[in-house]
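In what follows, a single structure is set out as structure tokens and then discussed.
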Amino acid sequence: MTCTTAALLPWLALPRFAEAKPVSRPLGPMRRALGKHVLWYDTPAAEAHVLREALPIGNGRLGALVGGDPASSFLYLTDASMWLGKRDVVLGDDGQFDYTTEHFGSLVMLAKLRLSVHGHDMGHITDYRRELDLEQGYLRISYRKDGVAYAWDVIASHPDDMIAIHLSQGGGGACSGSIALQGMHGDTTEATSVPGASPAATCHFQGTLENGLRYAAHVVATAGSGTVSADASGLHFANCSTLSVMVCGGTNYTPELASNYMDASLYPLKRAIQKTEAAASQPWDALLRTHVADYRSLFDAMHVDLGASTEAQRGMDTWTRLRARASAGAHADPELEATYLQYGRYLTIAGSRGGLPTGLQGLWLDSNVSPWMADYHNDINIQMNYWLPDRAGLPSCFAPFTDYCLSQVDAWATVTRQHFNDPRNSYRNSSGKVAGWTVGISTNIYGGGGWRWHPAGNAWLCNNLWQHYQYTQDRAYLARIYPLLKGACEFWEARLLTTRIKDPATGEMREVLIDDADWSPEHGPTDARGNTYSQEWVWDLFANYRQAAAILGKDAGYATRIAQLHARLYLPVVSPKTGWLEEWMTPDDLGEHEHRHLSPLVGFFPGDRIRTDTSPPALIEGVKRLLEARGTGGYGWACAWRAMCWARLGDAAKAYRLILTNLSPSEHLTNGTAKNLFDMYQLDATSEAFQIDANFGTPTAMLEMLMSSRPGEIVLLPALPDAWAASGSVTGMGARGGFRVDLAWKQGKVTSVTVHSVGGKQTRVRFGGWATDVSLRRGDAVTLTPDTTASPHDRRSAAQRG
């Protein structure tokens, strides 16, 4: 690469397992929640169905799946950097990456924690309730035994960087039981009683993976009364009126290629002890208030109201309600759908904050063997995970994606330079030249690639990075990602081939630039040239790089060179045989017409080249007909992607139908939503997979139905379904161009819209036939009331600053 990212490493926010720092504690009582967005159940999660039933918590680095059976509750713990695998690059006989845990690696669990209260089995308690409060960001288990009310509160605190469980009671009760910490890699757990005025005990383990990664976990248990002790089997508590359990763990992963992504000076057990002891020194109320205030500083950025549900619907537990909504002839349940949208935001805050980005399963595993290694797939999955933060008022949660790309790109560039033109690689550059960087379809946290080479993967990653700039208008951020954009351009400058085609407009032959032998993920021929997927992504990359160079005033000469290449790119056409936008550089359909991937439509969504308002109608018709051919079924992420495309086409009914498809309850291995609202899909007759991308993609599609934006334009209610049309409002939606939007509607018409500038200066706001131009300074806002009687030709302008 022409510009190494080494100089940018001090900017990276990806944390090593950092030392404990002083925590600012909020004063006063905890803010009350409205209770609008709560997942609740009247039974614990079955351990045999952890991924389907356990409730997720996370602080961006540590995550847990929580069971909730008082007699034996489990926490399945994962650290985002707990990765197997090696730094070596192993290519198969076909020149493609080794894709095994031995070399590529896999995300694996850190530990299991089990907390048991003697005599509190389900047969001896009443009024059981297990709930995840999305507004407050924590989990609560409550029940009664022998006339005494008991409660368990479980948090994953970002400020205190640990997970905590607090058992309390009201009415003179007491708890006795045990705590067991189990490592997942043959670890030996040691336990110790702690002398002092308050009952306390600790346990821990530490170890080293085969690749040299150190890891550890530590638990501190303290009680308000009674006794807490330790022996070889773990920790024990007796006659305790309250009990607090602090859990922390981590690895010595560090986001630096120069240190082989491991910090030899970092000892995870020491850090875990520091953090658990610091947390244990605080009253439980202080820990809970700190967590909730921190969580709500993000969550409260967006409020969602899609309309009113019935009292009967509100009275159902979450699983019963989900099943009822999917029954034949069921009434709409807009509050359930708003909660599903907010659940996507909850998972974003819990899984993507100050750490590594969310991969296929985020921070939530049920074993050390996960489908596709729980890795980073970059031919849709990681990109879909990061379409939501900016739209959903959570721009800071995009940072882990940026920091990951910055920390990996030097390694990606080295692997590209040394191995992409391997003679066995059918995707190698015919030019014999190689420059810049690209990736495999899968990537890990050590700079490595898995499965196949993915030449256009660099451009798609850059699309996400660039669109985040469009939302924020942050020039310092743009300067950080500029080397990635330029390095990806250098790769394509070396790769593109010149060929001659007949110009359909003039009938004359002309030269165009096309991609070398490649694939249209994930089907069809693997040696086709000029496939639509790659052509669209290269067009997008070159357009974005040129803008970035102009904004930053950098590399004018190179930007001119890229502009020349940009102008010569072949762009796909509609097939005269099928009427679809061609997927390959041929009118023939060479793949599966109902395939789950929408690879040829990336120029329509998430790209911007093909637009309903400016592109030729025949091209839009080709997009529509291809989308129709792809169907309305498939995996959750595929349905979410389809819904986004139908939203851009303004077809609310089709977009909403796909939302409901994803909300269908998953039972007996079927595709759909599990009890805990995780998206599941069937792998074969006996197995299934959890992938988190649909949990982010479906809310993204819902927001796209409410507002679509590009720099210079904000479109209100482009695909509002009948189920939400009566009345509703959303505040805090991010809009490209540097704006934030608050929106309210009744009977399908916008009643009020407020546009806030977060850096944007000018945009056009449009609803139906009404439009107005808005000019704002950073920090200013304007409230508008659209004229819903305006015809499509009534273009009004001017707006006052508010």
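Residues are referred to by chain and number: the chain letter is A, B, ... according to the order shown in the structure tokens, the number counts from 1 in that chain, and ligands are numbered separately from 1 in the order shown.
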Give me the residues of stretch 191-294 of chain A that have any atom at most 12 Å from an atom of stretch 411-430 of chain A; for each, the nearest atom pair and the distance in Å, rounded to one decimal. Use only C-alpha atoms, sort by chain and number, and format it as a tab-separated table.
```
residue	atom	partner	partner_atom	distance
A:Pro255	CA	A:Ala411	CA	11.0
A:Glu256	CA	A:Ala411	CA	9.5
A:Leu257	CA	A:Ala411	CA	6.6
A:Ala258	CA	A:Ala411	CA	9.5
A:Ser259	CA	A:Ala411	CA	11.7
A:Asn260	CA	A:Ala411	CA	9.8
A:Tyr261	CA	A:Ala411	CA	10.5
```
Which residues are near stretch 130-133 of chain A? Cut-off 7 Å, only C-alpha atoms, ignore same chain within fewer than 4 positions. Put them as a ChimeraX atom specification. /A:37-44,68,137-142
Can you tell me which residues surround A:Lys270 at a distance of at most 10 Å, considering only C-alpha atoms, apart from same-chain residues fewer than 5 positions away, and format the answer as a count of residues only? 6
Can you pull out every residue within 12 Å of A:Thr358, counting only C-alpha atoms, but drop anything in the same chain fewer than 3 positions away, and send it as a count of residues only? 48
Please report, as a VMD selection string, each residue of stretch 384-459 of chain A to which DSSP assigns helix (DSSP H, G or I) when run on this structure's backbone. chain A and resid 384 to 385 388 to 391 395 to 419 457 to 459
Considering only C-alpha atoms, can you say which of A:Phe604, A:Arg345, A:Gly450, A:Thr188 comes closest to A:Gly92?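 Looking at the shortest contact to A:Gly92, the residue is A:Gly450.
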So which residues touch stretch 86-91 of chain A within 7 Å, counting only C-alpha atoms, skipping near sequence neighbours fewer than 6 positions away, as JSON, numbers by chain? {"A": [97, 98, 103, 104, 105, 211, 446, 448]}
Atoms kept (N, CA and C atoms) for selection, written as an mmCIF file, in the first residue's frame:
```
data_model
loop_
_atom_site.group_PDB
_atom_site.id
_atom_site.type_symbol
_atom_site.label_atom_id
_atom_site.label_comp_id
_atom_site.auth_asym_id
_atom_site.auth_seq_id
_atom_site.Cartn_x
_atom_site.Cartn_y
_atom_site.Cartn_z
ATOM 1 N N PHE A 97 -7.925 -20.135 0.300
ATOM 2 C CA PHE A 97 -7.502 -20.191 1.691
ATOM 3 C C PHE A 97 -7.936 -21.476 2.381
ATOM 4 N N ASP A 98 -7.059 -21.970 3.269
ATOM 5 C CA ASP A 98 -7.471 -22.993 4.212
ATOM 6 C C ASP A 98 -8.585 -22.410 5.085
ATOM 7 N N HIS A 103 -5.896 -23.519 11.095
ATOM 8 C CA HIS A 103 -5.174 -22.381 10.529
ATOM 9 C C HIS A 103 -6.004 -21.091 10.595
ATOM 10 N N PHE A 104 -7.174 -21.097 9.977
ATOM 11 C CA PHE A 104 -7.993 -19.889 9.975
ATOM 12 C C PHE A 104 -8.487 -19.562 11.380
ATOM 13 N N GLY A 105 -8.842 -20.590 12.144
ATOM 14 C CA GLY A 105 -9.296 -20.374 13.512
ATOM 15 C C GLY A 105 -10.803 -20.283 13.632
ATOM 16 N N ASN A 211 -2.341 -21.247 19.751
ATOM 17 C CA ASN A 211 -1.740 -20.183 18.951
ATOM 18 C C ASN A 211 -0.983 -19.159 19.796
ATOM 19 N N TYR A 446 -6.705 -11.994 13.072
ATOM 20 C CA TYR A 446 -5.247 -12.027 12.970
ATOM 21 C C TYR A 446 -4.747 -11.630 11.579
ATOM 22 N N GLY A 448 -5.921 -12.739 8.751
ATOM 23 C CA GLY A 448 -6.005 -13.864 7.837
ATOM 24 C C GLY A 448 -7.313 -13.947 7.088
#
```
Of the residues A:Gly507, A:Glu621, A:Ala164, A:Pro718, which is the one nearest to A:Ser575, using only C-alpha atoms?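 Checking each of A:Gly507, A:Glu621, A:Ala164, A:Pro718 against A:Ser575, counting only C-alpha atoms, the winner is A:Glu621.
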Find the residues near A:His595: any atom within 9 Å, counting only C-alpha atoms, skip ones fewer than 6 places away on the same chain, and give them as a PyMOL selection string. chain A and resi 522-523+630-631+634
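Among the candidates A:Pro268, A:Cys175, A:Tyr76, A:Ala293, the one nearest to A:Pro29 when counting only C-alpha atoms is A:Ala293.
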Would you mind listing what lies within 10 Å of A:Ser72 as a list in words, with only C-alpha atoms counted and same-chain residues fewer than 6 positions away left out?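 My reading of the contact set: Glu47, Arg114, Leu115, Ser116, Val117, His118, His120, Asp121, Gly177, Ser178 and Ile179 of chain A.
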Based on the selection just made, write N, CA, C and O atoms of those residues as a tab-separated table (two decimals), in the first residue's frame.
```tsv
chain	number	residue	atom	x	y	z
A	47	GLU	N	-31.40	-25.32	28.96
A	47	GLU	CA	-29.99	-25.32	28.56
A	47	GLU	C	-29.77	-26.08	27.27
A	47	GLU	O	-28.82	-25.80	26.53
A	114	ARG	N	-22.10	-21.13	36.56
A	114	ARG	CA	-23.37	-21.68	37.02
A	114	ARG	C	-23.63	-21.20	38.45
A	114	ARG	O	-22.76	-21.31	39.32
A	115	LEU	N	-24.81	-20.65	38.66
A	115	LEU	CA	-25.20	-20.15	39.98
A	115	LEU	C	-26.48	-20.88	40.39
A	115	LEU	O	-27.50	-20.81	39.69
A	116	SER	N	-26.41	-21.59	41.52
A	116	SER	CA	-27.53	-22.42	41.96
A	116	SER	C	-27.96	-22.00	43.36
A	116	SER	O	-27.12	-21.81	44.25
A	117	VAL	N	-29.28	-21.88	43.57
A	117	VAL	CA	-29.83	-21.58	44.89
A	117	VAL	C	-30.58	-22.82	45.36
A	117	VAL	O	-31.53	-23.28	44.70
A	118	HIS	N	-30.17	-23.36	46.48
A	118	HIS	CA	-30.76	-24.60	46.99
A	118	HIS	C	-32.23	-24.40	47.30
A	118	HIS	O	-32.64	-23.40	47.92
A	120	HIS	N	-34.67	-23.73	45.37
A	120	HIS	CA	-35.43	-22.78	44.54
A	120	HIS	C	-35.71	-23.36	43.16
A	120	HIS	O	-35.66	-22.65	42.15
A	121	ASP	N	-36.02	-24.65	43.12
A	121	ASP	CA	-36.38	-25.24	41.83
A	121	ASP	C	-37.79	-24.82	41.45
A	121	ASP	O	-38.59	-24.36	42.28
A	177	GLY	N	-26.46	-21.56	48.40
A	177	GLY	CA	-26.22	-22.25	47.14
A	177	GLY	C	-24.76	-22.28	46.76
A	177	GLY	O	-23.87	-22.20	47.62
A	178	SER	N	-24.50	-22.38	45.45
A	178	SER	CA	-23.13	-22.55	44.98
A	178	SER	C	-22.90	-21.79	43.68
A	178	SER	O	-23.85	-21.47	42.96
A	179	ILE	N	-21.62	-21.54	43.40
A	179	ILE	CA	-21.19	-20.87	42.17
A	179	ILE	C	-20.05	-21.68	41.60
A	179	ILE	O	-19.07	-21.97	42.31
```
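Between atom CA of A:Ala191 and atom CA of A:Asp231 there is a distance of 6.1 Å.
You can rank A:His597, A:His668, A:His236, A:Arg475 by their closest distance to A:Gly636 using only C-alpha atoms, and at the top of that list sits A:His597.
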Of the candidates A:Gly226, A:Pro26, A:Pro711, A:Gly748, which one gets nearest to A:Cys240 if we count only C-alpha atoms?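 Using only C-alpha atoms, A:Cys240 sits closest to A:Gly226.
With only C-alpha atoms as the basis for measurement, A:Met109 is the residue among A:Tyr477, A:Ser198, A:Met109, A:Arg25 that approaches A:Val369 most closely.
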